[in-house]
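K.L.:
My file is upload-v5.txt. It has compact mmCIF, C-alpha atoms:
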```txt
# COMPACT_ATOMS: atom_id res chain seq x y z
CA MET J 962 50.60 -29.10 -160.80
CA LEU J 963 50.56 -26.96 -157.69
CA GLU J 964 48.03 -28.34 -155.23
CA TYR J 965 46.72 -27.11 -151.88
CA PRO J 966 49.97 -27.32 -149.81
CA GLU J 967 52.11 -25.59 -152.45
CA ILE J 968 49.49 -22.87 -153.00
CA LYS J 969 49.27 -22.18 -149.26
CA THR J 970 53.06 -22.00 -149.05
CA ILE J 971 53.34 -19.54 -151.94
CA VAL J 972 50.53 -17.37 -150.56
CA ARG J 973 52.32 -17.10 -147.18
CA GLN J 974 55.54 -16.13 -148.95
CA MET J 975 53.79 -13.58 -151.17
CA GLU J 976 52.26 -11.98 -148.07
CA LYS J 977 55.78 -11.52 -146.74
CA GLU J 978 57.42 -10.31 -149.95
CA ILE J 979 55.04 -8.29 -152.13
CA ILE J 980 52.33 -6.66 -150.02
CA GLY J 981 52.89 -2.90 -150.32
CA LYS J 982 54.74 -3.19 -153.63
CA THR J 983 53.44 -1.33 -156.69
CA ILE J 984 53.07 -2.86 -160.14
CA LYS J 985 55.12 -1.09 -162.81
CA SER J 986 54.21 -3.33 -165.74
CA GLY J 987 53.16 -6.82 -166.78
CA ALA J 988 53.97 -8.72 -169.96
CA MET J 989 53.81 -12.08 -171.68
CA VAL J 990 57.42 -12.58 -172.72
CA LYS J 991 57.06 -15.94 -174.41
CA ARG J 992 53.90 -17.77 -175.50
CA ASN J 993 53.48 -21.45 -174.69
CA ASN J 994 50.85 -23.75 -176.23
CA ASN J 995 50.15 -25.26 -172.81
CA MET J 996 48.97 -21.90 -171.51
CA PHE J 997 45.21 -21.58 -171.94
CA MET J 998 45.41 -17.85 -172.57
CA ASN J 999 46.72 -15.65 -175.35
CA GLU J 1000 48.30 -12.30 -176.07
CA SER J 1001 44.96 -10.48 -175.80
CA HIS J 1002 44.75 -11.49 -172.15
CA ALA J 1003 48.25 -10.14 -171.58
CA ILE J 1004 47.28 -6.77 -173.07
CA ALA J 1005 44.89 -6.39 -170.13
CA TYR J 1006 47.92 -6.36 -167.78
CA ASP J 1007 48.02 -2.60 -168.43
CA LEU J 1008 45.03 -2.38 -166.07
CA LEU J 1009 47.35 -3.40 -163.23
CA ASN J 1010 49.91 -0.63 -163.73
CA GLY J 1011 50.22 1.65 -160.71
CA GLY J 1012 48.27 -0.69 -158.45
CA THR J 1013 49.73 -1.54 -155.06
CA VAL J 1014 49.41 -5.05 -153.61
CA ILE J 1015 47.11 -4.95 -150.57
CA LYS J 1016 46.19 -8.60 -150.06
CA ILE J 1017 46.86 -12.15 -151.26
CA GLU J 1018 43.93 -14.54 -151.37
CA CYS J 1019 43.50 -18.06 -152.69
CA LEU J 1020 40.81 -20.45 -153.72
CA ALA J 1021 43.24 -23.31 -154.20
CA PRO J 1022 44.54 -24.03 -156.75
CA ASP J 1023 43.97 -20.38 -157.76
CA ILE J 1024 45.79 -17.36 -156.30
CA TYR J 1025 44.58 -13.75 -156.41
CA ILE J 1026 47.03 -10.87 -155.90
CA MET J 1027 44.72 -8.00 -154.96
CA LEU J 1028 45.68 -4.42 -155.84
CA ASP J 1029 44.34 -1.13 -154.50
CA ASN J 1030 43.09 0.02 -157.92
CA GLY J 1031 40.18 -2.42 -158.20
CA TYR J 1032 42.10 -5.08 -160.14
CA GLY J 1033 44.31 -8.02 -159.35
CA ILE J 1034 46.38 -10.84 -160.82
CA LEU J 1035 44.53 -14.15 -161.00
CA ILE J 1036 46.83 -17.17 -161.31
CA CYS J 1037 44.71 -20.15 -162.41
CA GLN J 1038 45.81 -23.77 -161.85
CA SER J 1039 49.52 -23.36 -162.19
CA GLY J 1040 51.67 -26.13 -163.58
CA GLY J 1041 54.87 -24.13 -163.52
CA LYS J 1042 57.15 -22.03 -161.32
CA ILE J 1043 55.90 -18.85 -159.69
CA LEU J 1044 58.99 -17.00 -158.48
CA TYR J 1045 59.72 -13.79 -156.61
CA ASN J 1046 62.86 -12.09 -157.91
CA GLU J 1047 64.31 -9.43 -155.63
CA THR J 1048 66.37 -7.79 -158.37
CA VAL J 1049 66.51 -7.74 -162.18
CA SER J 1050 69.61 -9.95 -162.08
CA LYS J 1051 67.59 -12.71 -160.37
CA ILE J 1052 64.99 -12.99 -163.16
CA PRO J 1053 65.11 -16.48 -164.75
CA LYS J 1054 66.05 -16.57 -168.42
CA ASN J 1055 63.21 -18.71 -169.74
CA HIS J 1056 60.21 -17.13 -168.00
CA ASN J 1057 56.92 -16.77 -169.87
CA ILE J 1058 55.20 -14.00 -167.92
CA ILE J 1059 56.57 -11.21 -165.72
CA PHE J 1060 55.09 -8.59 -163.41
CA MET J 1061 57.61 -5.88 -162.55
CA PHE J 1062 57.38 -3.79 -159.37
CA THR J 1063 58.52 -0.20 -159.14
CA ASP J 1064 61.32 -1.16 -156.71
CA GLY J 1065 62.98 -3.47 -159.30
CA GLY J 1066 61.60 -6.70 -157.90
CA SER J 1067 59.31 -8.98 -159.91
CA ILE J 1068 57.08 -12.03 -160.02
CA THR J 1069 57.75 -14.42 -162.91
CA TYR J 1070 55.88 -17.44 -164.19
CA THR J 1071 57.71 -20.19 -166.07
CA MET J 1072 55.79 -23.01 -167.75
CA SER J 1073 56.36 -26.61 -166.75
CA LEU J 1074 53.18 -28.58 -167.42
CA PHE J 1075 50.23 -26.31 -168.18
CA THR J 1076 48.22 -23.49 -166.70
CA LEU J 1077 44.78 -22.06 -167.30
CA GLY J 1078 46.46 -18.67 -167.33
CA LEU J 1079 47.46 -15.50 -165.50
CA PHE J 1080 44.81 -12.83 -165.89
CA ALA J 1081 44.13 -9.22 -164.91
CA VAL J 1082 40.63 -9.26 -163.40
CA PRO J 1083 38.51 -6.86 -161.31
CA HIS J 1084 37.82 -7.65 -157.66
CA ASP J 1085 34.15 -8.37 -158.39
CA ASP J 1086 35.10 -11.21 -160.73
CA TRP J 1087 37.27 -12.74 -158.02
CA HIS J 1088 34.60 -12.37 -155.34
CA ASN J 1089 32.02 -13.96 -157.66
CA ARG J 1090 34.45 -16.80 -158.31
CA LYS J 1091 34.75 -17.45 -154.58
CA GLN J 1092 31.03 -17.19 -153.88
CA SER J 1093 30.10 -19.54 -156.73
CA SER J 1094 32.58 -22.23 -155.68
CA GLN J 1095 30.85 -25.41 -154.54
CA LYS J 1096 33.98 -27.22 -153.44
CA PHE J 1097 34.86 -28.38 -149.92
CA ASP J 1098 37.75 -26.61 -148.16
CA PRO J 1099 39.86 -29.48 -146.78
CA LEU J 1100 41.65 -27.38 -144.16
CA GLY J 1101 38.78 -25.06 -143.36
CA SER J 1102 37.07 -24.92 -139.96
CA ASN J 1103 34.70 -27.77 -140.75
CA SER J 1104 33.80 -31.03 -139.04
CA PHE J 1105 33.40 -34.59 -140.24
CA ASP J 1106 29.62 -34.13 -140.15
CA GLU J 1107 29.97 -31.12 -142.45
CA TYR J 1108 32.05 -33.25 -144.82
CA ILE J 1109 29.32 -35.92 -144.88
CA ASN J 1110 26.67 -33.25 -145.45
CA PHE J 1111 28.75 -31.92 -148.34
CA ILE J 1112 28.83 -35.40 -149.93
CA ASN J 1113 25.11 -35.91 -149.38
CA LYS J 1114 24.30 -32.63 -151.10
CA ARG J 1115 26.29 -33.46 -154.21
CA PRO J 1116 24.32 -34.56 -157.31
CA ALA J 1117 23.75 -38.32 -157.61
CA ASP J 1118 26.06 -38.56 -160.64
CA GLU J 1119 28.90 -37.14 -158.50
CA THR J 1120 28.55 -39.82 -155.83
CA LYS J 1121 28.61 -42.52 -158.51
CA LYS J 1122 32.13 -41.45 -159.45
CA PRO J 1123 35.29 -43.18 -158.20
CA VAL J 1124 36.33 -41.65 -154.88
CA LYS J 1125 39.68 -40.53 -156.32
CA THR J 1126 37.89 -38.64 -159.10
CA PHE J 1127 35.47 -37.18 -156.55
CA LEU J 1128 38.29 -35.86 -154.35
CA ALA J 1129 40.15 -34.43 -157.36
CA THR J 1130 37.10 -32.53 -158.60
CA ASN J 1131 35.23 -31.57 -155.41
CA ILE J 1132 37.93 -30.71 -152.85
CA LEU J 1133 39.63 -27.31 -153.09
CA GLY J 1134 43.21 -27.54 -154.27
CA VAL J 1135 43.24 -31.35 -154.45
CA MET J 1136 44.04 -32.97 -157.77
CA SER J 1137 45.26 -36.39 -158.80
CA THR J 1138 48.43 -36.55 -156.69
CA PHE J 1139 46.99 -35.62 -153.31
CA ALA J 1140 43.76 -37.49 -153.99
CA ALA J 1141 45.89 -40.62 -154.42
CA GLU J 1142 48.00 -39.72 -151.36
CA ILE J 1143 44.94 -39.31 -149.14
CA LEU J 1144 43.43 -42.61 -150.28
CA LEU J 1145 46.71 -44.49 -149.83
CA TYR J 1146 46.90 -43.57 -146.14
CA ALA J 1147 43.12 -43.97 -145.71
CA ARG J 1148 43.46 -47.48 -147.23
CA ILE J 1149 40.66 -46.96 -149.76
CA TYR J 1150 40.72 -48.42 -153.27
CA PRO J 1151 40.81 -45.44 -155.72
CA SER J 1152 37.96 -46.52 -157.99
CA THR J 1153 35.48 -47.26 -155.19
CA GLN J 1154 32.27 -45.33 -155.81
CA VAL J 1155 31.66 -42.60 -153.25
CA ARG J 1156 28.10 -43.83 -152.59
CA LYS J 1157 29.48 -47.27 -151.58
CA LEU J 1158 31.73 -45.90 -148.84
CA ASN J 1159 30.58 -46.53 -145.28
CA GLU J 1160 30.89 -44.08 -142.39
CA GLU J 1161 34.13 -45.56 -141.09
CA GLU J 1162 35.75 -45.34 -144.55
CA ASN J 1163 34.60 -41.74 -145.00
CA LYS J 1164 36.00 -40.94 -141.56
CA ARG J 1165 39.39 -42.32 -142.58
CA ILE J 1166 39.34 -40.23 -145.75
CA TYR J 1167 38.38 -37.09 -143.82
CA ASN J 1168 41.09 -37.62 -141.19
CA GLU J 1169 43.80 -38.39 -143.74
CA MET J 1170 42.76 -35.39 -145.85
CA LYS J 1171 43.30 -33.14 -142.82
CA ARG J 1172 46.52 -34.83 -141.72
CA THR J 1173 48.16 -35.22 -145.11
CA LEU J 1174 47.44 -31.72 -146.39
CA THR J 1175 48.41 -30.11 -143.08
CA GLU J 1176 51.71 -31.99 -142.94
CA ALA J 1177 52.47 -31.20 -146.57
CA ALA J 1178 51.62 -27.51 -146.13
CA ASP J 1179 53.78 -27.30 -142.98
CA SER J 1180 56.61 -28.86 -145.03
CA GLY J 1181 56.36 -26.24 -147.77
CA GLY J 1182 54.69 -28.61 -150.23
CA ARG J 1183 55.96 -31.62 -152.12
CA ALA J 1184 59.62 -32.21 -152.93
CA SER J 1185 58.61 -32.36 -156.61
CA GLU J 1186 57.34 -28.73 -156.56
CA PHE J 1187 58.87 -25.31 -155.88
CA ASP J 1188 58.05 -22.42 -153.58
CA LEU J 1189 58.18 -18.69 -154.35
CA TYR J 1190 61.98 -18.68 -153.96
CA GLY J 1191 62.62 -21.68 -156.20
CA ASN J 1192 63.20 -24.05 -153.27
CA ARG J 1193 61.71 -27.52 -153.33
CA GLY J 1194 59.21 -28.50 -150.65
CA LYS J 1195 60.12 -31.10 -148.04
CA TYR J 1196 57.04 -33.31 -148.14
CA ILE J 1197 57.71 -36.70 -149.75
CA ALA J 1198 54.52 -37.78 -151.49
CA MET J 1199 54.35 -41.57 -151.82
CA ALA J 1200 51.48 -42.07 -154.26
CA GLU J 1201 53.03 -40.33 -157.28
CA ARG J 1202 53.63 -42.21 -160.54
CA LYS J 1203 57.37 -42.41 -159.82
CA HIS J 1204 56.72 -44.47 -156.67
CA ILE J 1205 55.17 -47.40 -158.53
CA GLY J 1206 57.25 -50.45 -157.62
CA GLU J 1207 58.45 -48.99 -154.31
CA ASP J 1208 57.45 -50.07 -150.81
CA CYS J 1209 54.10 -48.95 -149.41
CA PRO J 1210 54.68 -46.51 -146.50
CA VAL J 1211 51.82 -48.18 -144.59
CA CYS J 1212 52.50 -51.91 -144.95
CA GLN J 1213 55.74 -52.18 -147.03
CA ASN J 1214 54.00 -54.14 -149.78
CA THR J 1215 54.94 -53.17 -153.36
CA LEU J 1216 53.04 -50.18 -154.76
CA ALA J 1217 51.28 -50.78 -158.07
CA LYS J 1218 49.90 -48.62 -160.89
CA ASN J 1219 46.43 -47.08 -160.77
CA SER J 1220 44.94 -45.17 -163.70
CA THR J 1221 41.85 -43.66 -162.06
CA ALA J 1222 41.86 -39.87 -162.70
CA GLY J 1223 45.51 -39.94 -163.73
CA ILE J 1224 48.33 -42.45 -163.24
CA THR J 1225 49.44 -42.71 -159.61
CA ALA J 1226 50.59 -45.43 -157.20
CA PHE J 1227 48.38 -47.50 -154.90
CA CYS J 1228 48.84 -50.45 -152.56
CA PRO J 1229 47.06 -53.70 -153.53
CA ALA J 1230 47.40 -54.92 -149.94
CA CYS J 1231 46.14 -51.80 -148.12
CA GLN J 1232 43.69 -50.55 -150.72
CA VAL J 1233 41.66 -53.66 -151.40
CA LYS J 1234 38.99 -53.45 -154.11
CA LYS J 1235 35.47 -53.96 -152.85
CA SER J 1236 33.63 -57.00 -154.22
```
Show the structure stored in the file as structure tokens.
P.N.:
Amino acid sequence: MLEYPEIKTIVRQMEKEIIGKTIKSGAMVKRNNNMFMNESHAIAYDLLNGGTVIKIECLAPDIYIMLDNGYGILICQSGGKILYNETVSKIPKNHNIIFMFTDGGSITYTMSLFTLGLFAVPHDDWHNRKQSSQKFDPLGSNSFDEYINFINKRPADETKKPVKTFLATNILGVMSTFAAEILLYARIYPSTQVRKLNEEENKRIYNEMKRTLTEAADSGGRASEFDLYGNRGKYIAMAERKHIGEDCPVCQNTLAKNSTAGITAFCPACQVKKS
């Protein structure tokens, strides 16, 4: 799944490549059962025709390609490849959805894991989506005190959750992989309840959230994901499932399996369970 660093990378690249381009057509070429949308949603792509891209916004992990005709393309929680194709000859063979531009270029989406869908929606729907979001922006202009205030304002049942689950459901663009990555470097056991964290532990989480996501975004995202041109990112995430059994990047102990909010790696030596 594309998380915050990959989304930010793709948005920057879209700003370079498609602003000023005009949509010719959009179509669902091939249905996939892991796409939480159907052909009726694709019919609405006709609303995009003739619209020119004026802005790219994101509410990670969602991307909104804003057009000048009052509509835009909403890409929701992508688990596949979003690619820009400069010419028709560059279009991948097995794509599921395509948006053609009048100059012959295109944006394609190819399924890998799953996606909530790619939808044609009016600007008001997107603005309402942003305004109603109650998640914390990890790379926004906010302080540690604001992060603590955010936690304190969450419902009691949220702060009873494991911290890994809390990060994956309350922080914009952060899901299982980066939640695990942040906690690995913050040296916090993944299933620790948020309400049981002390100030120093929360400070470590806040600092590692900023550092890790910034470094990953500056590296174009994780090496396991792709950018708008089909290139892999350069950030090596160390808490993914595939790293179980490898050396911890903090203390060189052996990484073990953790199943909180998805299977990822953790360090039994660094991330000690609270008694």
K.L.:
Would you mind telling me which residue in J:Asp1179, J:Asp1188, J:Glu1119, J:Glu1000 lies nearest to Gln974 of chain J when using all atoms listed in the file?
P.N.:
J:Asp1188
K.L.:
Could you work out how far atom CA of Asn1030 of chain J lies from atom CA of Asn1010 of chain J, giving the answer in Å with one decimal?
P.N.:
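Computing the Euclidean distance for atom CA of Asn1010 of chain J and atom CA of Asn1030 of chain J yields 9.0 Å.
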K.L.:
Kindly provide, as JSON, the centre and edge lengths (Å, one decimal) of an axis-aligned box around all atoms of segment 1073-1089 of chain J given in the file, with 3 Å on each side.
P.N.:
```
{"center_x": 44.2, "center_y": -17.7, "center_z": -161.8, "size_x": 30.3, "size_y": 27.7, "size_z": 18.8}
```
K.L.:
Tell me, in Å to one decimal, how far atom CA of Val1211 of chain J is from atom CA of Asp1106 of chain J.
P.N.:
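Here the two named atoms are 26.6 Å from each other.
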K.L.:
Near segment 986-990 of chain J, within 10 Å and counting all atoms listed in the file, which residues show up once chain neighbours fewer than 6 positions away are dropped, as a PyMOL selection string?
P.N.:
chain J and resi 999-1012+1034+1055-1063+1067-1070+1079+1081
K.L.:
Could you rebuild segment 1133-1153 of chain J with N, CA and C atoms and give it back as a JSON list (two decimals), in the frame of the given file?
P.N.:
```json
[["chain", "number", "residue", "atom", "x", "y", "z"],
["J", 1133, "LEU", "N", 38.80, -28.45, -152.69],
["J", 1133, "LEU", "CA", 39.63, -27.31, -153.09],
["J", 1133, "LEU", "C", 41.12, -27.66, -153.08],
["J", 1134, "GLY", "N", 41.77, -27.40, -154.20],
["J", 1134, "GLY", "CA", 43.21, -27.54, -154.27],
["J", 1134, "GLY", "C", 43.73, -28.96, -154.34],
["J", 1135, "VAL", "N", 42.82, -29.95, -154.37],
["J", 1135, "VAL", "CA", 43.24, -31.35, -154.45],
["J", 1135, "VAL", "C", 43.04, -31.84, -155.88],
["J", 1136, "MET", "N", 44.11, -32.36, -156.45],
["J", 1136, "MET", "CA", 44.04, -32.97, -157.77],
["J", 1136, "MET", "C", 44.52, -34.40, -157.68],
["J", 1137, "SER", "N", 44.97, -34.96, -158.75],
["J", 1137, "SER", "CA", 45.26, -36.39, -158.80],
["J", 1137, "SER", "C", 46.28, -36.85, -157.75],
["J", 1138, "THR", "N", 47.36, -36.10, -157.58],
["J", 1138, "THR", "CA", 48.43, -36.55, -156.69],
["J", 1138, "THR", "C", 47.98, -36.65, -155.24],
["J", 1139, "PHE", "N", 47.40, -35.57, -154.72],
["J", 1139, "PHE", "CA", 46.99, -35.62, -153.31],
["J", 1139, "PHE", "C", 45.73, -36.45, -153.10],
["J", 1140, "ALA", "N", 44.89, -36.58, -154.11],
["J", 1140, "ALA", "CA", 43.76, -37.49, -153.99],
["J", 1140, "ALA", "C", 44.28, -38.91, -153.78],
["J", 1141, "ALA", "N", 45.29, -39.28, -154.56],
["J", 1141, "ALA", "CA", 45.89, -40.62, -154.42],
["J", 1141, "ALA", "C", 46.59, -40.76, -153.08],
["J", 1142, "GLU", "N", 47.27, -39.71, -152.63],
["J", 1142, "GLU", "CA", 48.00, -39.72, -151.36],
["J", 1142, "GLU", "C", 47.04, -39.93, -150.19],
["J", 1143, "ILE", "N", 45.95, -39.19, -150.20],
["J", 1143, "ILE", "CA", 44.94, -39.31, -149.14],
["J", 1143, "ILE", "C", 44.37, -40.73, -149.08],
["J", 1144, "LEU", "N", 44.04, -41.27, -150.24],
["J", 1144, "LEU", "CA", 43.43, -42.61, -150.28],
["J", 1144, "LEU", "C", 44.41, -43.71, -149.92],
["J", 1145, "LEU", "N", 45.69, -43.50, -150.20],
["J", 1145, "LEU", "CA", 46.71, -44.49, -149.83],
["J", 1145, "LEU", "C", 46.74, -44.64, -148.31],
["J", 1146, "TYR", "N", 46.83, -43.50, -147.60],
["J", 1146, "TYR", "CA", 46.90, -43.57, -146.14],
["J", 1146, "TYR", "C", 45.55, -43.90, -145.50],
["J", 1147, "ALA", "N", 44.45, -43.61, -146.22],
["J", 1147, "ALA", "CA", 43.12, -43.97, -145.71],
["J", 1147, "ALA", "C", 42.78, -45.43, -146.02],
["J", 1148, "ARG", "N", 43.61, -46.07, -146.85],
["J", 1148, "ARG", "CA", 43.46, -47.48, -147.23],
["J", 1148, "ARG", "C", 42.14, -47.73, -147.96],
["J", 1149, "ILE", "N", 41.87, -46.86, -148.94],
["J", 1149, "ILE", "CA", 40.66, -46.96, -149.76],
["J", 1149, "ILE", "C", 41.04, -47.18, -151.21],
["J", 1150, "TYR", "N", 40.44, -48.17, -151.85],
["J", 1150, "TYR", "CA", 40.72, -48.42, -153.27],
["J", 1150, "TYR", "C", 40.24, -47.23, -154.11],
["J", 1151, "PRO", "N", 41.10, -46.70, -155.00],
["J", 1151, "PRO", "CA", 40.81, -45.44, -155.72],
["J", 1151, "PRO", "C", 39.54, -45.41, -156.55],
["J", 1152, "SER", "N", 39.13, -46.54, -157.11],
["J", 1152, "SER", "CA", 37.96, -46.52, -157.99],
["J", 1152, "SER", "C", 36.65, -46.87, -157.28],
["J", 1153, "THR", "N", 36.70, -47.00, -155.95],
["J", 1153, "THR", "CA", 35.48, -47.26, -155.19],
["J", 1153, "THR", "C", 34.50, -46.10, -155.36]]
```
